[in-house]
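Q: Below you'll find work.pdb; it's PDB, C-alpha atoms, pLDDT in the B column.
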```pdb
ATOM      1  CA  MET A   1      30.041 100.580  -5.473  1.00 88.00           C
ATOM      2  CA  ALA A   2      26.349  99.833  -5.323  1.00 95.00           C
ATOM      3  CA  ARG A   3      23.981 102.660  -4.396  1.00 97.00           C
ATOM      4  CA  LEU A   4      22.290 100.468  -1.766  1.00 97.00           C
ATOM      5  CA  PRO A   5      24.053  98.289   0.801  1.00 97.00           C
ATOM      6  CA  TYR A   6      24.232  94.590   0.108  1.00 97.00           C
ATOM      7  CA  PHE A   7      22.484  92.183   2.451  1.00 96.00           C
ATOM      8  CA  ASP A   8      24.164  89.130   3.905  1.00 96.00           C
ATOM      9  CA  VAL A   9      21.673  86.555   2.592  1.00 96.00           C
ATOM     10  CA  ASP A  10      22.383  84.337   5.604  1.00 96.00           C
ATOM     11  CA  ASN A  11      20.602  87.004   7.684  1.00 96.00           C
ATOM     12  CA  VAL A  12      17.517  87.376   5.461  1.00 97.00           C
ATOM     13  CA  PRO A  13      14.573  85.755   7.254  1.00 97.00           C
ATOM     14  CA  GLY A  14      11.666  83.675   6.004  1.00 97.00           C
ATOM     15  CA  ARG A  15      10.823  82.411   2.559  1.00 97.00           C
ATOM     16  CA  LEU A  16      12.911  85.080   0.832  1.00 98.00           C
ATOM     17  CA  GLY A  17      16.007  84.109   2.794  1.00 97.00           C
ATOM     18  CA  GLU A  18      15.448  80.434   1.973  1.00 97.00           C
ATOM     19  CA  GLN A  19      15.158  81.220  -1.724  1.00 96.00           C
ATOM     20  CA  LEU A  20      18.205  83.469  -1.781  1.00 97.00           C
ATOM     21  CA  ARG A  21      20.398  80.965   0.066  1.00 96.00           C
ATOM     22  CA  GLY A  22      19.556  78.355  -2.584  1.00 94.00           C
ATOM     23  CA  ARG A  23      20.910  80.525  -5.398  1.00 93.00           C
ATOM     24  CA  PRO A  24      24.381  81.501  -6.622  1.00 91.00           C
ATOM     25  CA  ALA A  25      26.131  84.214  -4.590  1.00 89.00           C
ATOM     26  CA  LEU A  26      25.227  87.066  -6.951  1.00 95.00           C
ATOM     27  CA  ASN A  27      25.149  90.695  -5.887  1.00 97.00           C
ATOM     28  CA  LEU A  28      21.762  91.077  -7.557  1.00 97.00           C
ATOM     29  CA  TYR A  29      20.346  88.741  -4.929  1.00 97.00           C
ATOM     30  CA  ARG A  30      22.010  90.797  -2.197  1.00 97.00           C
ATOM     31  CA  VAL A  31      20.093  93.999  -3.078  1.00 98.00           C
ATOM     32  CA  LEU A  32      16.660  92.453  -3.576  1.00 98.00           C
ATOM     33  CA  PRO A  33      15.900  92.107   0.176  1.00 98.00           C
ATOM     34  CA  HIS A  34      15.434  95.887   0.337  1.00 98.00           C
ATOM     35  CA  ALA A  35      11.958  95.138  -1.100  1.00 98.00           C
ATOM     36  CA  PRO A  36      11.152  91.647   0.224  1.00 97.00           C
ATOM     37  CA  GLU A  37       7.656  91.197  -1.231  1.00 96.00           C
ATOM     38  CA  ILE A  38       8.710  92.450  -4.641  1.00 98.00           C
ATOM     39  CA  ALA A  39      11.828  90.280  -4.420  1.00 98.00           C
ATOM     40  CA  LEU A  40       9.707  87.130  -4.073  1.00 98.00           C
ATOM     41  CA  GLY A  41       7.725  87.937  -7.226  1.00 98.00           C
ATOM     42  CA  PHE A  42      10.887  88.987  -9.037  1.00 98.00           C
ATOM     43  CA  LEU A  43      12.598  85.703  -8.195  1.00 97.00           C
ATOM     44  CA  GLY A  44       9.522  83.693  -9.164  1.00 97.00           C
ATOM     45  CA  LEU A  45       9.152  85.307 -12.572  1.00 98.00           C
ATOM     46  CA  GLY A  46      12.880  85.070 -13.259  1.00 97.00           C
ATOM     47  CA  ARG A  47      12.883  81.383 -12.337  1.00 96.00           C
ATOM     48  CA  ALA A  48       9.869  80.694 -14.553  1.00 98.00           C
ATOM     49  CA  ILE A  49      11.478  82.425 -17.524  1.00 98.00           C
ATOM     50  CA  LEU A  50      14.792  80.609 -17.063  1.00 97.00           C
ATOM     51  CA  THR A  51      13.593  77.136 -16.155  1.00 96.00           C
ATOM     52  CA  GLN A  52       9.950  76.595 -17.045  1.00 97.00           C
ATOM     53  CA  ALA A  53       9.277  78.386 -20.322  1.00 97.00           C
ATOM     54  CA  SER A  54       8.922  76.594 -23.649  1.00 98.00           C
ATOM     55  CA  LEU A  55      10.910  79.243 -25.531  1.00 98.00           C
ATOM     56  CA  PRO A  56      14.138  77.513 -26.630  1.00 98.00           C
ATOM     57  CA  PRO A  57      16.976  78.390 -24.216  1.00 98.00           C
ATOM     58  CA  THR A  58      19.284  79.528 -27.018  1.00 98.00           C
ATOM     59  CA  LEU A  59      16.654  81.936 -28.325  1.00 98.00           C
ATOM     60  CA  ARG A  60      15.846  83.116 -24.792  1.00 98.00           C
ATOM     61  CA  GLU A  61      19.488  83.884 -24.106  1.00 98.00           C
ATOM     62  CA  LEU A  62      19.922  85.817 -27.350  1.00 98.00           C
ATOM     63  CA  VAL A  63      16.918  87.912 -26.315  1.00 98.00           C
ATOM     64  CA  ILE A  64      18.264  88.491 -22.797  1.00 98.00           C
ATOM     65  CA  LEU A  65      21.682  89.476 -24.102  1.00 98.00           C
ATOM     66  CA  ARG A  66      20.103  91.796 -26.662  1.00 98.00           C
ATOM     67  CA  VAL A  67      17.993  93.510 -23.999  1.00 98.00           C
ATOM     68  CA  GLY A  68      21.018  93.817 -21.712  1.00 97.00           C
ATOM     69  CA  GLY A  69      23.134  95.230 -24.528  1.00 97.00           C
ATOM     70  CA  LEU A  70      20.476  97.705 -25.657  1.00 97.00           C
ATOM     71  CA  SER A  71      20.029  98.769 -22.029  1.00 96.00           C
ATOM     72  CA  GLY A  72      23.758  99.245 -21.420  1.00 95.00           C
ATOM     73  CA  ALA A  73      23.518  96.778 -18.538  1.00 96.00           C
ATOM     74  CA  SER A  74      27.051  95.458 -18.133  1.00 95.00           C
ATOM     75  CA  TYR A  75      26.196  93.274 -15.118  1.00 96.00           C
ATOM     76  CA  GLU A  76      23.341  91.597 -16.989  1.00 97.00           C
ATOM     77  CA  VAL A  77      25.440  91.022 -20.090  1.00 97.00           C
ATOM     78  CA  HIS A  78      28.296  89.652 -17.968  1.00 95.00           C
ATOM     79  CA  GLN A  79      26.047  87.153 -16.192  1.00 95.00           C
ATOM     80  CA  HIS A  80      24.116  86.014 -19.261  1.00 96.00           C
ATOM     81  CA  ARG A  81      27.194  85.500 -21.434  1.00 96.00           C
ATOM     82  CA  ARG A  82      27.851  82.503 -19.160  1.00 94.00           C
ATOM     83  CA  VAL A  83      24.228  81.373 -19.156  1.00 96.00           C
ATOM     84  CA  ALA A  84      24.129  81.638 -22.957  1.00 98.00           C
ATOM     85  CA  ARG A  85      27.272  79.530 -23.299  1.00 97.00           C
ATOM     86  CA  ALA A  86      25.792  76.921 -20.967  1.00 96.00           C
ATOM     87  CA  ALA A  87      22.581  76.937 -23.059  1.00 97.00           C
ATOM     88  CA  GLY A  88      24.617  76.186 -26.187  1.00 97.00           C
ATOM     89  CA  VAL A  89      24.829  79.613 -27.819  1.00 98.00           C
ATOM     90  CA  PRO A  90      28.097  79.822 -29.785  1.00 97.00           C
ATOM     91  CA  GLU A  91      30.515  82.575 -28.752  1.00 97.00           C
ATOM     92  CA  GLU A  92      30.238  84.182 -32.210  1.00 97.00           C
ATOM     93  CA  LYS A  93      26.476  84.640 -31.773  1.00 98.00           C
ATOM     94  CA  ILE A  94      26.928  85.981 -28.253  1.00 97.00           C
ATOM     95  CA  ASP A  95      29.343  88.601 -29.556  1.00 96.00           C
ATOM     96  CA  ALA A  96      27.200  89.401 -32.596  1.00 97.00           C
ATOM     97  CA  VAL A  97      23.934  89.919 -30.686  1.00 97.00           C
ATOM     98  CA  LEU A  98      25.699  92.533 -28.553  1.00 97.00           C
ATOM     99  CA  LYS A  99      26.740  94.633 -31.564  1.00 95.00           C
ATOM    100  CA  PRO A 100      24.445  97.528 -32.496  1.00 93.00           C
ATOM    101  CA  ASP A 101      23.568  95.986 -35.876  1.00 93.00           C
ATOM    102  CA  ALA A 102      23.431  92.409 -34.471  1.00 93.00           C
ATOM    103  CA  ASN A 103      24.985  91.264 -37.719  1.00 90.00           C
ATOM    104  CA  GLY A 104      25.927  87.631 -37.343  1.00 89.00           C
ATOM    105  CA  ASP A 105      25.302  84.123 -38.578  1.00 94.00           C
ATOM    106  CA  PHE A 106      21.785  83.965 -37.146  1.00 98.00           C
ATOM    107  CA  SER A 107      18.943  81.759 -38.316  1.00 97.00           C
ATOM    108  CA  GLU A 108      15.905  83.439 -39.855  1.00 97.00           C
ATOM    109  CA  LEU A 109      13.968  82.954 -36.601  1.00 98.00           C
ATOM    110  CA  GLU A 110      16.825  84.416 -34.550  1.00 98.00           C
ATOM    111  CA  ARG A 111      16.964  87.457 -36.862  1.00 98.00           C
ATOM    112  CA  LEU A 112      13.215  87.973 -36.509  1.00 98.00           C
ATOM    113  CA  VAL A 113      13.315  87.664 -32.725  1.00 98.00           C
ATOM    114  CA  ILE A 114      16.276  90.051 -32.448  1.00 98.00           C
ATOM    115  CA  ALA A 115      14.463  92.614 -34.628  1.00 98.00           C
ATOM    116  CA  PHE A 116      11.319  92.089 -32.535  1.00 98.00           C
ATOM    117  CA  THR A 117      13.302  92.591 -29.323  1.00 98.00           C
ATOM    118  CA  ASP A 118      14.765  95.819 -30.708  1.00 98.00           C
ATOM    119  CA  ALA A 119      11.289  97.087 -31.605  1.00 98.00           C
ATOM    120  CA  VAL A 120       9.805  96.256 -28.203  1.00 98.00           C
ATOM    121  CA  VAL A 121      12.730  97.814 -26.307  1.00 98.00           C
ATOM    122  CA  HIS A 122      12.829 100.977 -28.420  1.00 97.00           C
ATOM    123  CA  ASP A 123       9.197 101.501 -29.415  1.00 97.00           C
ATOM    124  CA  VAL A 124       7.201  99.433 -26.877  1.00 97.00           C
ATOM    125  CA  LYS A 125       4.960  97.948 -29.590  1.00 97.00           C
ATOM    126  CA  ALA A 126       6.443  96.064 -32.513  1.00 98.00           C
ATOM    127  CA  PRO A 127       5.152  96.994 -35.967  1.00 98.00           C
ATOM    128  CA  ALA A 128       2.281  94.768 -37.113  1.00 98.00           C
ATOM    129  CA  PRO A 129       4.205  93.122 -40.000  1.00 98.00           C
ATOM    130  CA  LEU A 130       7.096  92.178 -37.701  1.00 98.00           C
ATOM    131  CA  TYR A 131       4.716  90.919 -35.013  1.00 98.00           C
ATOM    132  CA  ALA A 132       2.907  88.803 -37.624  1.00 98.00           C
ATOM    133  CA  LYS A 133       6.155  87.195 -38.809  1.00 98.00           C
ATOM    134  CA  VAL A 134       7.250  86.329 -35.265  1.00 98.00           C
ATOM    135  CA  ALA A 135       3.765  85.089 -34.347  1.00 98.00           C
ATOM    136  CA  ALA A 136       3.760  82.852 -37.425  1.00 98.00           C
ATOM    137  CA  ALA A 137       7.039  81.286 -36.246  1.00 98.00           C
ATOM    138  CA  LEU A 138       6.174  80.842 -32.552  1.00 98.00           C
ATOM    139  CA  ASP A 139       3.108  79.416 -30.856  1.00 98.00           C
ATOM    140  CA  GLU A 140       0.940  81.553 -28.575  1.00 98.00           C
ATOM    141  CA  GLN A 141       2.666  80.413 -25.383  1.00 98.00           C
ATOM    142  CA  MET A 142       6.077  81.266 -26.794  1.00 98.00           C
ATOM    143  CA  MET A 143       4.833  84.706 -27.885  1.00 98.00           C
ATOM    144  CA  VAL A 144       3.792  85.509 -24.327  1.00 98.00           C
ATOM    145  CA  GLU A 145       7.066  84.077 -23.001  1.00 98.00           C
ATOM    146  CA  LEU A 146       9.061  86.134 -25.502  1.00 98.00           C
ATOM    147  CA  LEU A 147       7.325  89.360 -24.480  1.00 98.00           C
ATOM    148  CA  ALA A 148       7.614  88.494 -20.776  1.00 98.00           C
ATOM    149  CA  THR A 149      11.337  87.788 -21.230  1.00 98.00           C
ATOM    150  CA  ILE A 150      11.934  91.102 -22.983  1.00 98.00           C
ATOM    151  CA  GLY A 151       9.961  93.017 -20.370  1.00 98.00           C
ATOM    152  CA  PHE A 152      11.448  91.235 -17.365  1.00 98.00           C
ATOM    153  CA  TYR A 153      15.016  91.743 -18.530  1.00 98.00           C
ATOM    154  CA  MET A 154      14.299  95.404 -19.240  1.00 98.00           C
ATOM    155  CA  LEU A 155      13.282  95.594 -15.562  1.00 98.00           C
ATOM    156  CA  VAL A 156      16.364  93.658 -14.457  1.00 98.00           C
ATOM    157  CA  SER A 157      18.677  95.851 -16.542  1.00 97.00           C
ATOM    158  CA  ARG A 158      17.181  99.078 -15.234  1.00 98.00           C
ATOM    159  CA  LEU A 159      17.304  97.869 -11.640  1.00 98.00           C
ATOM    160  CA  LEU A 160      20.935  96.787 -11.963  1.00 97.00           C
ATOM    161  CA  GLU A 161      22.084  99.957 -13.693  1.00 96.00           C
ATOM    162  CA  ASN A 162      20.278 102.393 -11.417  1.00 97.00           C
ATOM    163  CA  LEU A 163      21.438 100.625  -8.264  1.00 98.00           C
ATOM    164  CA  GLU A 164      24.936 100.245  -9.777  1.00 97.00           C
ATOM    165  CA  VAL A 165      25.139  96.606  -8.721  1.00 97.00           C
ATOM    166  CA  ASP A 166      28.748  95.449  -8.909  1.00 96.00           C
ATOM    167  CA  ILE A 167      29.956  92.414 -10.824  1.00 94.00           C
ATOM    168  CA  GLU A 168      31.128  89.961  -8.186  1.00 92.00           C
ATOM    169  CA  ASN A 169      34.810  90.083  -7.360  1.00 81.00           C
ATOM    170  CA  PRO A 170      36.086  87.651  -8.270  1.00 62.00           C
ATOM    171  CA  PRO A 171      33.444  87.051 -10.933  1.00 62.00           C
ATOM    172  CA  LEU A 172      31.713  83.696 -10.725  1.00 57.00           C
ATOM    173  CA  GLU A 173      33.042  81.383 -13.410  1.00 52.00           C
ATOM    174  CA  LYS A 174      30.005  79.145 -13.574  1.00 46.00           C
ATOM    175  CA  LEU A 175      26.390  80.002 -13.038  1.00 40.00           C
ATOM    176  CA  GLU A 176      24.093  77.078 -12.344  1.00 40.00           C
ATOM    177  CA  LEU A 177      20.404  77.549 -13.015  1.00 36.00           C
ATOM    178  CA  ARG A 178      18.247  75.960 -10.372  1.00 33.00           C
ATOM    179  CA  HIS A 179      14.934  74.357 -11.225  1.00 34.00           C
ATOM    180  CA  ASP A 180      13.411  74.642  -7.730  1.00 34.00           C
TER     181      ASP A 180
END
```
Just dump the structure as structure tokens.
A:
Amino acid sequence: MARLPYFDVDNVPGRLGEQLRGRPALNLYRVLPHAPEIALGFLGLGRAILTQASLPPTLRELVILRVGGLSGASYEVHQHRRVARAAGVPEEKIDAVLKPDANGDFSELERLVIAFTDAVVHDVKAPAPLYAKVAAALDEQMMVELLATIGFYMLVSRLLENLEVDIENPPLEKLELRHD
């Protein structure tokens, strides 16, 4: 049971209510109205990461799953398993990125980005040689997007875990990403 009561999004007024009613019926969206101004920024950044970034969706989803796994965020992992599948990430890679050693059939870039994600989550700042390798493989925009994705999903994971947001019952089978 969540530590804060869930809102009925049909009763959330204004711009926040409009945005929430246009999204899937996720419990995450039902706790955000406790902080309406923060919720608007939260939703905007999340939308930008998921629908407007140039970072390849498969790479983005491996990063999100890795952050969720490292954070012990079962809700986040549950939701993004579906998003990753929809983005074209094979089930074997989804399972592998969630293992502590992330040992799987990953490309060289995927391995670098997973190692980079681990370093940022655990140590805040990635070691210079690892940063240089990732920066050589991604352009400047993608580097900022990668770091923003790691940081945002650390926030999401910590919010979900501390508020003990429940996985929807029954769980949603399909999650559609909106581009609005």
Q: Record the distance separating CA of Ala148 in chain A and CA of Ala2 in chain A, expressed in Å with one decimal.
A: 26.8 Å
Q: Excluding range 137-146 of chain A and residues on its chain fewer than 4 positions from it, collect all residues at most 12 Å away from it, counting only C-alpha atoms, and give them as a VMD selection string.
A: chain A and resid 45 to 46 48 to 57 59 to 64 67 108 to 114 116 to 117 120 130 to 133 150 to 153
Q: Hey, what's within 8 Å of range 74-86 of chain A if we count all atoms listed in the file and toss same-chain stuff fewer than 3 positions away? As a PyMOL selection string, please?
A: chain A and resi 57-58+61-62+64-65+68-69+89-91+94+156-157+160-161+165-167+173-175
Q: Using CA of Leu155 in chain A and CA of Gly22 in chain A as the two end points, give the distance in Å to one decimal.
A: 22.5 Å
Q: A:Leu16, A:Met154, A:Met1, A:Ala135: which is nearest Glu37 in chain A, counting all atoms listed in the file?
A: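 Using all atoms listed in the file, Glu37 in chain A sits closest to A:Leu16.
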Q: Excluding Leu32 in chain A and residues on its chain fewer than 2 positions from it, collect all residues at most 12 Å away from it, counting all atoms listed in the file, and give them as number ranges by chain.
A: A: 4-9, 12, 16-17, 19-20, 26-30, 34-43, 156, 159-160, 163, 165
Q: Please determine, counting only C-alpha atoms, which residue among A:Val134, A:Val124, A:Leu70, A:Leu147 has the shortest atom-to-atom distance to Leu98 in chain A.
A: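 Answer, going by the shortest atom-to-atom distance: A:Leu70.
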Q: One number please: CA of Gly104 in chain A to CA of Arg47 in chain A, in Å, one decimal.
A: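 CA of Arg47 in chain A lies at a distance of 28.9 Å from CA of Gly104 in chain A.
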Q: Under the rule that only C-alpha atoms are counted, which of A:Arg66, A:Glu18, A:Ala25, A:Lys125 is the nearest residue to Lys99 in chain A?
A: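 Closest candidate: A:Arg66.
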Q: Specify the axis-aligned box that encloses all atoms of range 50-56 of chain A listed in the file after padding of 6 Å on each side, stating its centre and edge lengths in Å to one decimal as AutoDock Vina command-line options.
A:
```
--center_x 11.9 --center_y 78.6 --center_z -21.4 --size_x 17.9 --size_y 16.0 --size_z 22.5
```
